[in-house]
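Visitor: I'm passing along start03.cif; it holds mmCIF, C-alpha atoms.
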data_protein
loop_
_atom_site.label_atom_id
_atom_site.label_comp_id
_atom_site.auth_asym_id
_atom_site.auth_seq_id
_atom_site.Cartn_x
_atom_site.Cartn_y
_atom_site.Cartn_z
CA MET A 1 237.40 193.15 -26.60
CA LYS A 2 240.24 192.86 -24.11
CA LYS A 3 238.21 194.77 -21.55
CA HIS A 4 235.31 192.34 -21.85
CA PHE A 5 237.66 189.38 -21.75
CA PHE A 6 239.32 190.46 -18.48
CA ARG A 7 235.92 191.25 -16.98
CA TYR A 8 234.74 187.77 -17.97
CA ALA A 9 237.90 186.15 -16.58
CA ALA A 10 237.57 188.07 -13.32
CA SER A 11 233.96 186.96 -13.05
CA ARG A 12 234.93 183.31 -13.57
CA HIS A 13 237.72 183.67 -10.98
CA PHE A 14 235.25 185.12 -8.47
CA ILE A 15 232.78 182.28 -9.03
CA LYS A 16 235.56 179.71 -8.71
CA SER A 17 236.79 181.30 -5.46
CA LEU A 18 233.25 181.39 -4.12
CA PHE A 19 232.77 177.72 -5.00
CA CYS A 20 236.04 176.76 -3.27
CA ALA A 21 235.08 178.69 -0.15
CA ALA A 22 231.68 177.00 -0.08
CA PHE A 23 233.33 173.59 -0.52
CA VAL A 24 235.74 174.22 2.36
CA CYS A 25 232.87 175.35 4.60
CA ALA A 26 230.90 172.23 3.70
CA CYS A 27 233.88 170.05 4.61
CA PHE A 28 234.28 171.76 7.97
CA PHE A 29 230.54 171.43 8.63
CA THR A 30 230.67 167.71 7.80
CA LEU A 31 233.67 167.15 10.08
CA PHE A 32 232.01 169.13 12.87
CA SER A 33 228.78 167.17 12.48
CA CYS A 34 230.64 163.85 12.62
CA ALA A 35 232.54 164.91 15.71
CA LYS A 36 229.36 166.16 17.33
CA LYS A 37 227.55 162.88 16.67
CA ARG A 38 230.35 160.65 17.99
CA PHE A 39 228.84 158.07 20.34
CA ASP A 40 230.47 157.65 23.75
CA LEU A 41 228.69 155.28 26.14
CA TYR A 42 230.49 156.85 29.10
CA ASP A 43 228.52 160.06 28.49
CA TYR A 44 225.49 158.22 29.90
CA VAL A 45 227.02 157.36 33.28
CA SER A 46 224.75 158.97 35.89
CA GLU A 47 226.62 157.59 38.90
CA CYS A 48 230.29 156.76 39.24
CA ARG A 49 231.99 155.64 42.43
CA GLY A 50 235.53 155.49 41.15
CA ASN A 51 237.54 155.47 44.37
CA VAL A 52 237.19 153.96 47.84
CA LEU A 53 239.49 154.73 50.77
CA VAL A 54 239.49 152.60 53.91
CA ALA A 55 240.93 152.70 57.43
CA GLU A 56 239.93 149.72 59.56
CA THR A 57 240.99 151.21 62.90
CA ALA A 58 241.95 154.62 64.24
CA GLU A 59 245.64 155.49 64.46
CA SER A 60 245.11 157.18 67.82
CA GLY A 61 242.42 157.95 70.39
CA ASN A 62 240.62 154.61 70.23
CA GLU A 63 240.85 153.11 73.71
CA THR A 64 238.23 150.44 73.05
CA ALA A 65 238.42 148.57 69.76
CA ASP A 66 234.69 148.73 69.05
CA GLU A 67 234.15 152.41 69.87
CA ILE A 68 235.04 153.91 66.47
CA SER A 69 236.13 151.64 63.63
CA LEU A 70 236.06 150.95 59.91
CA LEU A 71 236.13 154.36 58.28
CA THR A 72 235.17 154.08 54.60
CA VAL A 73 235.38 157.03 52.21
CA TYR A 74 233.56 156.96 48.87
CA SER A 75 234.42 159.24 45.97
CA ILE A 76 231.21 159.73 44.00
CA GLU A 77 230.11 161.61 40.92
CA ARG A 78 226.37 161.34 40.37
CA GLU A 79 223.33 163.12 39.06
CA SER A 80 221.28 165.47 41.21
CA PRO A 81 218.49 164.80 41.90
CA TYR A 82 219.32 161.10 42.00
CA LEU A 83 216.57 159.39 40.01
CA SER A 84 216.09 155.97 38.46
CA ASP A 85 214.43 157.09 35.24
CA GLY A 86 216.83 155.99 32.53
CA ALA A 87 218.03 159.54 31.87
CA LYS A 88 221.22 161.22 33.05
CA GLY A 89 220.80 164.45 35.00
CA GLU A 90 223.18 167.21 36.05
CA MET A 91 226.26 165.72 37.71
CA GLN A 92 228.00 166.70 40.94
CA LYS A 93 231.15 165.45 42.68
CA LEU A 94 230.77 164.29 46.28
CA THR A 95 232.67 162.44 48.98
CA SER A 96 230.83 160.37 51.58
CA PHE A 97 232.40 159.27 54.88
CA TYR A 98 230.99 156.27 56.78
CA PHE A 99 232.20 154.92 60.11
CA CYS A 100 231.03 152.42 62.69
CA ALA A 101 230.31 153.22 66.35
CA LYS A 102 228.68 151.45 69.30
CA ASP A 103 225.24 152.87 68.52
CA GLY A 104 223.56 156.00 67.22
CA SER A 105 223.23 157.80 70.54
CA ALA A 106 226.43 159.87 70.34
CA VAL A 107 227.11 163.06 68.41
CA TYR A 108 230.21 163.03 66.24
CA SER A 109 231.85 165.69 64.12
CA LEU A 110 234.23 164.89 61.28
CA LYS A 111 237.17 166.80 59.88
CA TYR A 112 239.18 165.91 56.78
CA GLU A 113 242.35 167.12 55.10
CA ASN A 114 242.83 166.64 51.37
CA GLY A 115 246.03 168.42 50.42
CA ASP A 116 245.42 172.11 51.02
CA ILE A 117 241.67 171.55 51.37
CA CYS A 118 240.19 171.13 54.84
CA GLY A 119 236.58 170.82 55.89
CA GLY A 120 234.05 168.83 57.82
CA GLY A 121 230.85 168.94 59.82
CA GLU A 122 228.49 166.98 62.04
CA ALA A 123 227.85 163.35 61.08
CA SER A 124 224.36 161.86 60.78
CA TYR A 125 223.29 158.35 61.74
CA ASP A 126 221.97 155.84 59.21
CA ASP A 127 219.49 153.55 60.96
CA VAL A 128 219.56 151.04 58.10
CA LYS A 129 223.33 150.69 57.76
CA LYS A 130 223.88 151.28 61.49
CA GLN A 131 226.67 153.69 60.64
CA TYR A 132 227.41 157.37 60.93
CA TYR A 133 227.93 159.28 57.70
CA TYR A 134 228.91 162.68 56.40
CA THR A 135 228.72 163.85 52.76
CA CYS A 136 230.26 166.96 51.24
CA PRO A 137 231.06 168.41 47.78
CA LEU A 138 234.67 167.19 47.66
CA ASN A 139 236.51 165.55 44.76
CA THR A 140 238.62 162.61 45.98
CA ALA A 141 238.61 160.61 42.74
CA ASP A 142 242.41 160.58 42.52
CA ALA A 143 243.22 160.59 46.25
CA THR A 144 245.57 157.85 47.43
CA SER A 145 245.10 158.69 51.11
CA LEU A 146 243.03 161.00 53.28
CA HIS A 147 243.54 162.14 56.86
CA VAL A 148 240.31 162.16 58.86
CA GLU A 149 239.59 163.09 62.48
CA ILE A 150 236.35 162.13 64.24
CA THR A 151 235.45 163.84 67.50
CA ASP A 152 232.93 162.73 70.10
CA GLU A 153 231.24 166.03 70.89
CA LYS A 154 230.26 164.90 74.39
CA SER A 155 233.57 163.51 75.63
CA LYS A 156 235.66 165.66 73.24
CA ARG A 157 237.76 162.61 72.47
CA THR A 158 239.24 162.67 68.96
CA TYR A 159 239.99 159.64 66.79
CA SER A 160 242.53 160.00 64.01
CA PHE A 161 242.36 157.92 60.81
CA LEU A 162 244.48 157.64 57.69
CA ALA A 163 242.24 156.19 55.00
CA LYS A 164 244.04 154.65 52.03
CA SER A 165 242.72 153.93 48.55
CA VAL A 166 241.87 150.32 47.73
CA LYS A 167 242.89 150.86 44.10
CA THR A 168 246.07 149.25 42.82
CA GLU A 169 248.02 149.56 39.58
CA THR A 170 245.95 146.75 38.09
CA THR A 171 242.53 148.12 39.05
CA LEU A 172 240.54 149.12 35.99
CA SER A 173 239.23 152.66 35.69
CA PRO A 174 235.44 153.14 35.48
CA ARG A 175 235.75 154.00 31.78
CA ASP A 176 237.79 150.87 31.08
CA VAL A 177 235.41 148.57 32.95
CA LEU A 178 232.47 150.03 31.01
CA ALA A 179 234.35 149.38 27.77
CA ARG A 180 234.84 145.73 28.78
CA LEU A 181 231.14 145.44 29.65
CA SER A 182 230.03 146.93 26.33
CA GLU A 183 232.27 144.48 24.45
CA THR A 184 230.57 141.57 26.22
CA GLU A 185 226.98 142.87 26.28
CA ILE A 186 226.85 143.97 22.64
CA GLU A 187 223.22 142.90 22.16
CA LEU A 188 221.99 144.72 25.28
CA ILE A 189 223.83 147.95 24.46
CA GLY A 190 222.62 147.78 20.86
CA SER A 191 218.99 147.31 21.92
CA LEU A 192 219.14 150.55 23.94
CA ARG A 193 220.88 152.57 21.27
CA GLU A 194 218.96 154.66 18.77
CA GLU A 195 221.42 156.03 16.22
CA ASN A 196 223.86 158.00 18.41
CA VAL A 197 221.62 158.20 21.47
CA PHE A 198 221.63 155.73 24.36
CA LEU A 199 218.15 155.25 25.81
CA GLY A 200 219.21 154.70 29.39
CA GLU A 201 221.60 155.60 32.18
CA ILE A 202 224.54 153.72 33.69
CA ARG A 203 225.75 153.33 37.27
CA LEU A 204 229.30 152.26 38.09
CA ARG A 205 230.54 151.52 41.61
CA LEU A 206 233.94 150.33 42.74
CA ILE A 207 233.62 147.69 45.48
CA SER A 208 236.35 146.31 47.73
CA SER A 209 235.85 143.02 49.56
CA GLU A 210 238.45 140.93 51.37
CA GLY A 211 241.35 142.59 49.61
CA LYS A 212 239.93 142.24 46.10
CA ASN A 213 238.30 144.89 43.91
CA TYR A 214 235.11 144.53 41.91
CA TYR A 215 232.76 146.80 40.01
CA TYR A 216 229.00 146.95 40.12
CA ALA A 217 227.49 148.12 36.84
CA GLY A 218 223.81 148.90 36.49
CA ILE A 219 222.10 149.75 33.20
CA VAL A 220 218.71 151.42 33.69
CA ASP A 221 216.39 151.86 30.70
CA ARG A 222 213.49 154.32 30.27
CA LYS A 223 211.04 151.77 31.72
CA ASN A 224 213.11 151.45 34.93
CA ASN A 225 214.31 147.97 34.01
CA VAL A 226 217.72 147.41 35.58
CA ARG A 227 220.38 145.00 34.33
CA SER A 228 222.94 144.57 37.09
CA PHE A 229 226.43 143.16 36.70
CA LEU A 230 229.26 142.24 39.04
CA LEU A 231 232.61 142.49 37.29
CA ASP A 232 236.16 141.62 38.24
CA GLY A 233 237.97 144.88 39.05
CA GLU A 234 241.13 143.87 37.20
CA THR A 235 239.90 142.00 34.12
CA GLY A 236 236.38 143.33 33.65
CA LYS A 237 235.06 139.77 33.42
CA ILE A 238 231.36 139.44 34.31
CA LEU A 239 231.04 137.31 37.44
CA ALA A 240 227.28 137.61 37.97
CA LYS A 241 224.26 139.39 36.51
CA ARG A 242 220.56 139.80 37.14
CA GLU A 243 217.52 141.77 36.01
CA SER A 244 215.05 143.76 38.12
CA ASN A 245 212.60 146.64 37.93
CA GLU A 246 212.70 149.75 40.13
CA ASP A 247 209.06 150.83 39.69
#
Write the structure described by the file as structure tokens, please.
Guide:
Amino acid sequence: MKKHFFRYAASRHFIKSLFCAAFVCACFFTLFSCAKKRFDLYDYVSECRGNVLVAETAESGNETADEISLLTVYSIERESPYLSDGAKGEMQKLTSFYFCAKDGSAVYSLKYENGDICGGGEASYDDVKKQYYYTCPLNTADATSLHVEITDEKSKRTYSFLAKSVKTETTLSPRDVLARLSETEIELIGSLREENVFLGEIRLRLISSEGKNYYYAGIVDRKNNVRSFLLDGETGKILAKRESNED
């Protein structure tokens, strides 16, 4: 009798242990599923220009004021290929350098120093913007300054710039400005959300104009409809908005 009793008790203990283990596994699975399904609107940002560095004139080498001027450096993280289809692609970090010159007839090379990282190459000319530009896979999102040298390959004259970030202590981060936008445009965000999936992509660009910072925010849906917003760079207040289609 005792033998059967202990066998029965052991069997009940085994079943109880098995049940507890299954319950714990179920709890972990539930927690994992909840964490996995957490909705973060920032996950749908397909372009983010979070830093801009500017040098209006060269520190040295510029004998005529209009020869080489206004160096602007953009820190960009964006999808590649860059498409307006309402879906975020694979992201890459880039830095683009733009500078003004007399015209597009000269050949310029550019060299930069970002801490221990140095690089550069030949600049191309943008006929639309009437500026030279050079883009490379460089992360300057947190850079406060950047030393840049531009060389005229014909005359071998070199122009030295120290570009400084336009961001201040009160400038909102891209994530913060998107949070402010989502708080204001609740109906729009809700209309493009299907459970924990956002049916669109978001573009964020820091803009500096006359000593003040702004953000451009563009929300692109799957039909290429674009809602564009201009926001104050310190408060996130919407200053202007419009709708368009990129078909």
Visitor: For Ala106 (chain A), please output as a PDB file with C-alpha atoms, in the coordinates of the input all residues within 8 Å (counting all atoms listed in the file; exclusion window: fewer than 3 positions along the same chain).
Guide:
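Written out: part32.pdb:
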ATOM      1  CA  ASP A 103     225.240 152.870  68.520  1.00  0.00           C
ATOM      2  CA  ASP A 152     232.930 162.730  70.100  1.00  0.00           C
ATOM      3  CA  GLU A 153     231.240 166.030  70.890  1.00  0.00           C
ATOM      4  CA  LYS A 154     230.260 164.900  74.390  1.00  0.00           C
TER       5      LYS A 154
END
Visitor: When distances are computed from all atoms listed in the file, which of A:Val166, A:Ala55, A:Leu239, A:Ala217 shows the smallest separation from Ser69 (chain A)?
Guide: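 When distances to Ser69 (chain A) are compared using all atoms listed in the file, the smallest one comes from A:Ala55.
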Visitor: CA of Ala101 (chain A) to CA of Thr158 (chain A): how many Å, to one decimal?
Guide: 13.3 Å
Visitor: Per residue of region 135-207 of chain A within 12 Å of region 115-127 of chain A, which atom pair is closest and at what distance in Å (one decimal), using only C-alpha atoms, listed by chain and increasing number, as a Markdown table?
Guide:
| residue | atom | partner | partner_atom | distance |
| --- | --- | --- | --- | --- |
| A:Thr135 | CA | A:Ala123 | CA | 8.4 |
| A:Cys136 | CA | A:Gly120 | CA | 7.8 |
| A:Pro137 | CA | A:Gly119 | CA | 10.1 |
| A:Leu138 | CA | A:Ile117 | CA | 9.0 |
| A:Asn139 | CA | A:Ile117 | CA | 10.3 |
| A:Thr140 | CA | A:Gly115 | CA | 10.4 |
| A:Asp142 | CA | A:Gly115 | CA | 11.7 |
| A:Ala143 | CA | A:Gly115 | CA | 9.3 |
| A:Thr144 | CA | A:Gly115 | CA | 11.0 |
| A:Ser145 | CA | A:Gly115 | CA | 9.8 |
| A:Leu146 | CA | A:Gly115 | CA | 8.5 |
| A:His147 | CA | A:Gly115 | CA | 9.3 |
| A:Val148 | CA | A:Gly120 | CA | 9.2 |
| A:Glu149 | CA | A:Gly120 | CA | 9.2 |
| A:Ile150 | CA | A:Ala123 | CA | 9.2 |
| A:Thr151 | CA | A:Glu122 | CA | 9.4 |
| A:Asp152 | CA | A:Glu122 | CA | 10.1 |
| A:Glu153 | CA | A:Glu122 | CA | 9.3 |
Visitor: Pick the closest to Glu183 (chain A) from A:Ile238, A:Phe198, A:Arg222, A:Thr72: which is it, counting all atoms listed in the file?
Guide: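 Among A:Ile238, A:Phe198, A:Arg222, A:Thr72, it is A:Ile238 that comes nearest to Glu183 (chain A).
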Visitor: For the structure shown, which residues end up in the PyMOL selection byres ((chain A and resi 39) around 6)? Put them as a ChimeraX atom specification, please?
Guide: /A:38,40,196
Visitor: Please determine, counting only C-alpha atoms, which residue among A:Leu162, A:Leu94, A:Ala87, A:Ile76 has the shortest atom-to-atom distance to Glu113 (chain A).
Guide: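 Result for the nearest residue to Glu113 (chain A): A:Leu162.
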Visitor: What's the separation between CA of Gly200 (chain A) and CA of Ser173 (chain A), in Å to one decimal place?
Guide: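 Computing it gives 21.1 Å between the two atoms.
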Visitor: Starting from the shown file, work through the PyMOL selection byres ((chain A and resi 172) around 8) and note down what comes out as a count of residues only.
Guide: 10
Visitor: Nearest to Ile68 (chain A) among A:Lys102, A:Lys212, A:Arg242, A:Arg175, with distances taken over all atoms listed in the file: which residue is it?
Guide: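 The shortest atom-to-atom distance to Ile68 (chain A) comes from A:Lys102.
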Visitor: Report the distance between CA of Ser160 (chain A) and CA of Lys111 (chain A) in Å, rounded to one decimal place.
Guide: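 Those two atoms sit 9.6 Å apart.
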Visitor: With a distance cut-off of 7 Å and all atoms listed in the file, select the neighbouring residues of Phe97 (chain A), excluding the residue or stretch itself and same-chain residues fewer than 2 positions from it, and output the selection as a list in words.
Guide: Thr72, Val73, Tyr74, Thr95, Phe99, Tyr133, Tyr134 and Thr135 of chain A
Visitor: Which residue gives the smallest distance to Lys156 (chain A) among A:Leu181, A:Leu83, A:Leu53, A:Val107, with only C-alpha atoms counted?
Guide: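 Among the listed residues, A:Val107 lies closest to Lys156 (chain A).
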Visitor: What's around Lys167 (chain A) at 8 Å? Count only C-alpha atoms, leave out sequence neighbours fewer than 5 positions away in its own chain, and write the answer as a PDB file with C-alpha atoms, in the coordinates of the input.
Guide:
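Saved result, around-v1.pdb, follows:
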ATOM      1  CA  ASN A  51     237.540 155.470  44.370  1.00  0.00           C
ATOM      2  CA  VAL A  52     237.190 153.960  47.840  1.00  0.00           C
ATOM      3  CA  ASN A 213     238.300 144.890  43.910  1.00  0.00           C
TER       4      ASN A 213
END
Visitor: Write out as a ChimeraX atom specification each polymer residue whose atoms come within 10 Å of Ile189 (chain A), counting all atoms listed in the file; drop sequence neighbours fewer than 2 positions from it.
Guide: /A:41,181-187,191-193,198-200,219
Visitor: Would you place a box with edges along x, y and z of the file around all atoms of region 191-200 of chain A listed there, add 8 Å to each of its six sides, and report the centre and edge lengths in Å to one decimal, as JSON?
Guide:
{"center_x": 221.0, "center_y": 152.8, "center_z": 22.8, "size_x": 21.7, "size_y": 26.9, "size_z": 29.2}
Visitor: Pull out every residue that the PyMOL selection byres ((chain A and resi 91) around 8) matches in the shown coordinates and put them as a list in words.
Guide: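 Checked against the file, the PyMOL selection byres ((chain A and resi 91) around 8) matches Ser46, Glu77, Arg78, Glu79, Ser80, Gly89, Glu90, Gln92 and Lys93 of chain A.
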Visitor: Return the single residue from A:Tyr42, A:Arg203, A:Leu70, A:Val226 that is closest to Thr57 (chain A), with distances computed using all atoms listed in the file.
Guide: A:Leu70
